[in-house]
Amino acid sequence: MTRPPTLVWFRRDLRLEDNAALDAASGGGSPIIPVYIHSPAEEKPWEPGAASCWWLHHSLERLDASLRKRHSRLVIRKGGSLRELTRLIEETGASAVYWNRLYEPALAARDKQLEEQLRRRGIEVRTFPGHLLWEPSLILNKQERPFQVFTPFWKHCSAIGDPPEPLPPPRLRLPERWPDGEALESLGLLPRIDWAGGLREAWTPGEDGGRERLDAFARETVRDYGETRNFPGTEGTSRLSPHLHFGEITPRQVWHAVRPGGGKASGRGEAASAWSWLRQIAWREFSHHLLHHFPHTPEEPLRENFRDFPWRRNSSRLKAWQQGRTGYPVVDAGMRELWATGWMHNRVRMIVASFLVKHLLIPWQDGARWFWDTLVDADLANNTMGWQWTAGCGADAAPFFRVFNPITQGEKFDPDGDYVRRWVPEIRLLPTTHLFKPWEAPGHVLSEADVHPGKNYPLPAVDHNEARTAALLAFEEIKGRPSSR
DNA sequence: TGAAATGTTGGGGCG
DNA sequence: ACGCCCCAACATTTC
């Protein structure tokens, strides 16, 4: 007599290692049935965008392949989560469902309901942490309120000490029979017209790809992270964000992979670099913390006075921004990198976001929507926090009057122009002194470089100084008003 | 995890 | 030698 199987419900934890739900199920000794249920409607209004869907398809493919190496498989279903889980329970005689917790408001609410309904039917439900280092509901300040400033949040969390060591890969006991599943292709995650060439070139979705990226980063890149992280023309960052979003690797794996002092000698600068990167991991935690405690923030500004901000919706300017035709080379380079690869360097994200919100006065929500659809690492918590931060209406936000200068930002952080030349090839022959402001170049320099402003490269959508003044003026309108209830 | 305006200082050219 | 101006370099404040 074999024991009834346990369903391990995969969601955004598309990995076998350091997977608490899978580990607990394998330790329990029951046969394991790995399940994925495609139910984008349950994530509304933030169902995954086009780039995320592309990633998800390949990540599921990889997960299934690794399971098959262990003679297991991923059972794919689509439709309502409760309906499909219930059906699977009936079909397989499963007595338990395990999963790793997610924290976005809509999903957390759905999961809570599911848990109750399954329990009512006598099913054992167990849920596990692991997507984050610290449970958002447990992190509170001395007044038992959520943190709204990053530094005290980080101080509080880092004092807790190192997170537990990652879990080993599981041993999978196989069921006697497999339930039916859908073909991955039937989920329709891949684009109908193939625009994903640039994504394929840039990324290897899946646990193995994430692991390789992490190993390479921990071995080499992290050493100089403090120096190089701000230069989009170099590979100074980890590029782990999509792997973290889909749970192909975990924050505790990355913590233990780069944390200084783990036996191997490292210089002072190297330790500082590693900590400054872990601090970025803590920003990810902070953004989930904020979304958990302020669940309306994907749509509404945290600071209430920003509801009355005199935004100027303008679809043709929005489109120029989306397509990388603003006439500001750094901005255009970033937007084109995003479109081509599904990713953008963080320094450039701040520049293009500031440009949309402060130079064009277009609502940050419009920018957040575009990022949502085009980023392979689109993450509701990170995206929301990032945009509210730039717009000046979020927690610990940059004040609104901090307006990035798209010219000097380019000169500072792309000093040789490598980044701009790569993504805005039509101006690549300009000398670096004029690369970030082609409209100021003398005629003979332009014609020698074959740059014709207004013809083969756009004139600036707005004048920097005028736009800056207009933004400061618009900000005056809401300045005196109360920023929170 | 700004930028620009304004203020201060100090060296050098020059009458 | 001296005052004056210019200006770079740096610091402070303001948006």
# chains A, B, ... in the order shown; residues from 1 in each chain; ligands from 1
>>> select_by_dssp(residues="range 161-392 of chain A", states="alpha helix (DSSP H)", output="ChimeraX atom specification")
/A:197-202,207-219,225-228,241-245,251-258,268-293,315-322,329-341,346-354,364-374,380-391
>>> write_last_selection(atoms="C-alpha atoms", output="short mmCIF file (atom, residue, chain, number, x, y, z; two decimals), in the first residue's frame")
data_model
loop_
_atom_site.label_atom_id
_atom_site.label_comp_id
_atom_site.auth_asym_id
_atom_site.auth_seq_id
_atom_site.Cartn_x
_atom_site.Cartn_y
_atom_site.Cartn_z
CA GLY A 197 15.63 37.27 -30.76
CA GLY A 198 17.34 39.87 -28.58
CA LEU A 199 16.00 38.19 -25.45
CA ARG A 200 17.30 34.79 -26.51
CA GLU A 201 20.71 36.30 -27.10
CA ALA A 202 20.83 38.03 -23.73
CA GLU A 207 17.61 27.44 -12.65
CA ASP A 208 20.83 26.38 -14.38
CA GLY A 209 21.13 29.71 -16.18
CA GLY A 210 20.54 31.56 -12.92
CA ARG A 211 23.06 29.44 -11.08
CA GLU A 212 25.71 30.09 -13.72
CA ARG A 213 25.02 33.80 -13.63
CA LEU A 214 25.29 33.82 -9.85
CA ASP A 215 28.51 31.79 -9.80
CA ALA A 216 30.15 34.07 -12.37
CA PHE A 217 29.03 37.15 -10.49
CA ALA A 218 30.23 35.85 -7.11
CA ARG A 219 33.53 34.69 -8.60
CA TYR A 225 30.68 46.11 -7.96
CA GLY A 226 31.11 49.26 -5.86
CA GLU A 227 33.14 50.85 -8.66
CA THR A 228 31.48 49.58 -11.80
CA SER A 241 16.80 40.15 -11.37
CA PRO A 242 14.70 37.92 -13.66
CA HIS A 243 16.10 34.78 -12.05
CA LEU A 244 15.17 36.14 -8.63
CA HIS A 245 11.73 37.20 -9.80
CA PRO A 251 17.86 35.47 -1.99
CA ARG A 252 19.44 33.15 0.54
CA GLN A 253 21.50 31.46 -2.15
CA VAL A 254 22.81 34.80 -3.35
CA TRP A 255 23.36 35.96 0.22
CA HIS A 256 25.56 33.00 1.05
CA ALA A 257 27.31 33.12 -2.32
CA VAL A 258 28.60 36.67 -1.96
CA ARG A 268 38.46 45.64 2.26
CA GLY A 269 37.19 47.05 -1.03
CA GLU A 270 35.89 43.65 -2.02
CA ALA A 271 33.97 43.24 1.22
CA ALA A 272 32.52 46.73 0.78
CA SER A 273 31.51 45.85 -2.78
CA ALA A 274 29.81 42.66 -1.65
CA TRP A 275 27.89 44.49 1.04
CA SER A 276 26.80 47.22 -1.31
CA TRP A 277 25.37 44.53 -3.56
CA LEU A 278 23.64 42.76 -0.67
CA ARG A 279 22.20 46.15 0.17
CA GLN A 280 20.54 46.04 -3.26
CA ILE A 281 19.11 42.66 -2.38
CA ALA A 282 17.74 44.35 0.73
CA TRP A 283 16.08 46.98 -1.48
CA ARG A 284 14.20 44.10 -3.08
CA GLU A 285 13.08 43.03 0.39
CA PHE A 286 12.12 46.61 1.21
CA SER A 287 9.97 46.90 -1.90
CA HIS A 288 8.08 43.71 -1.00
CA HIS A 289 7.73 45.01 2.53
CA LEU A 290 6.18 48.24 1.23
CA LEU A 291 3.82 46.48 -1.17
CA HIS A 292 2.66 44.16 1.61
CA HIS A 293 1.90 47.01 3.98
CA SER A 315 0.40 60.01 -26.09
CA SER A 316 2.83 61.07 -28.81
CA ARG A 317 5.49 62.00 -26.27
CA LEU A 318 4.86 58.78 -24.39
CA LYS A 319 5.33 56.89 -27.61
CA ALA A 320 8.56 58.71 -28.42
CA TRP A 321 9.85 57.73 -24.99
CA GLN A 322 8.77 54.11 -25.42
CA PRO A 329 20.87 59.82 -26.46
CA VAL A 330 21.15 58.32 -22.97
CA VAL A 331 17.38 58.08 -22.64
CA ASP A 332 16.99 56.60 -26.11
CA ALA A 333 19.80 54.11 -25.51
CA GLY A 334 18.09 52.86 -22.35
CA MET A 335 14.68 52.51 -23.95
CA ARG A 336 16.15 50.62 -26.89
CA GLU A 337 18.14 48.33 -24.64
CA LEU A 338 14.88 47.56 -22.85
CA TRP A 339 13.02 46.84 -26.08
CA ALA A 340 15.80 44.66 -27.48
CA THR A 341 16.80 42.67 -24.41
CA ASN A 346 19.51 50.35 -13.13
CA ARG A 347 21.34 53.67 -13.49
CA VAL A 348 19.62 54.12 -16.83
CA ARG A 349 16.24 53.08 -15.39
CA MET A 350 16.52 56.04 -13.04
CA ILE A 351 17.45 58.38 -15.88
CA VAL A 352 14.67 57.34 -18.26
CA ALA A 353 12.10 57.27 -15.47
CA SER A 354 13.08 60.71 -14.29
CA TRP A 364 4.63 57.49 -13.43
CA GLN A 365 1.90 54.86 -13.77
CA ASP A 366 2.24 55.04 -17.58
CA GLY A 367 5.95 54.36 -17.28
CA ALA A 368 5.36 51.54 -14.82
CA ARG A 369 2.93 49.93 -17.28
CA TRP A 370 5.46 50.04 -20.11
CA PHE A 371 8.16 48.54 -17.93
CA TRP A 372 5.68 45.91 -16.80
CA ASP A 373 5.10 44.76 -20.36
CA THR A 374 8.69 44.94 -21.60
CA LEU A 380 5.18 44.32 -9.00
CA ALA A 381 6.96 45.24 -5.78
CA ASN A 382 10.22 46.42 -7.36
CA ASN A 383 8.53 48.19 -10.25
CA THR A 384 6.11 50.02 -8.00
CA MET A 385 8.76 51.13 -5.57
CA GLY A 386 11.16 52.19 -8.30
CA TRP A 387 8.64 54.36 -10.10
CA GLN A 388 7.27 55.94 -6.96
CA TRP A 389 10.80 56.61 -5.83
CA THR A 390 11.68 58.49 -9.01
CA ALA A 391 8.40 60.36 -9.10
#
>>> interface_residues(of="chain A", to="chain C", cutoff="10 Å", atoms="only C-alpha atoms (C1' of nucleotides)", output="VMD selection string")
chain A and resid 400 to 403 469 472
>>> write_last_selection(atoms="N, CA and C atoms", output="PDB file, in the first residue's frame")
ATOM      1  N   PHE A 400      10.945  65.614  -5.289  1.00  0.00           N
ATOM      2  CA  PHE A 400      10.558  65.835  -6.682  1.00  0.00           C
ATOM      3  C   PHE A 400      11.521  66.779  -7.392  1.00  0.00           C
ATOM      4  N   PHE A 401      12.111  67.732  -6.659  1.00  0.00           N
ATOM      5  CA  PHE A 401      12.976  68.697  -7.333  1.00  0.00           C
ATOM      6  C   PHE A 401      14.333  68.126  -7.728  1.00  0.00           C
ATOM      7  N   ARG A 402      14.599  66.888  -7.393  1.00  0.00           N
ATOM      8  CA  ARG A 402      15.792  66.249  -7.937  1.00  0.00           C
ATOM      9  C   ARG A 402      15.523  65.808  -9.358  1.00  0.00           C
ATOM     10  N   VAL A 403      15.958  66.593 -10.303  1.00  0.00           N
ATOM     11  CA  VAL A 403      15.725  66.279 -11.716  1.00  0.00           C
ATOM     12  C   VAL A 403      17.040  65.830 -12.333  1.00  0.00           C
ATOM     13  N   THR A 469      12.408  73.704 -15.340  1.00  0.00           N
ATOM     14  CA  THR A 469      11.665  74.807 -14.725  1.00  0.00           C
ATOM     15  C   THR A 469      10.178  74.479 -14.644  1.00  0.00           C
ATOM     16  N   LEU A 472       9.485  72.013 -11.830  1.00  0.00           N
ATOM     17  CA  LEU A 472       9.537  72.632 -10.505  1.00  0.00           C
ATOM     18  C   LEU A 472       8.278  73.465 -10.255  1.00  0.00           C
TER      19      LEU A 472
END
>>> atom_distance(atom1="CA of Asp13 in chain A", atom2="CA of Ser81 in chain A")
16.1 Å
>>> closest_atom_pairs(of="chain B", to="chain A", cutoff="10 Å", atoms="only C-alpha atoms (C1' of nucleotides)", output="tab-separated table")
residue	atom	partner	partner_atom	distance
B:DT1	C1'	A:Ala398	CA	8.3
B:DG2	C1'	A:Arg402	CA	5.3
B:DA3	C1'	A:Val403	CA	7.0
>>> write_last_selection(atoms="C-alpha atoms (C1' of nucleotides)", output="mmCIF file, in the first residue's frame")
data_model
loop_
_atom_site.group_PDB
_atom_site.id
_atom_site.type_symbol
_atom_site.label_atom_id
_atom_site.label_comp_id
_atom_site.auth_asym_id
_atom_site.auth_seq_id
_atom_site.Cartn_x
_atom_site.Cartn_y
_atom_site.Cartn_z
ATOM 1 C "C1'" DT B 1 20.758 56.734 -5.653
ATOM 2 C "C1'" DG B 2 21.068 65.581 -8.221
ATOM 3 C "C1'" DA B 3 21.546 69.884 -10.445
#
>>> atom_distance(atom1="CA of Trp311 in chain A", atom2="CA of Ala474 in chain A")
8.2 Å
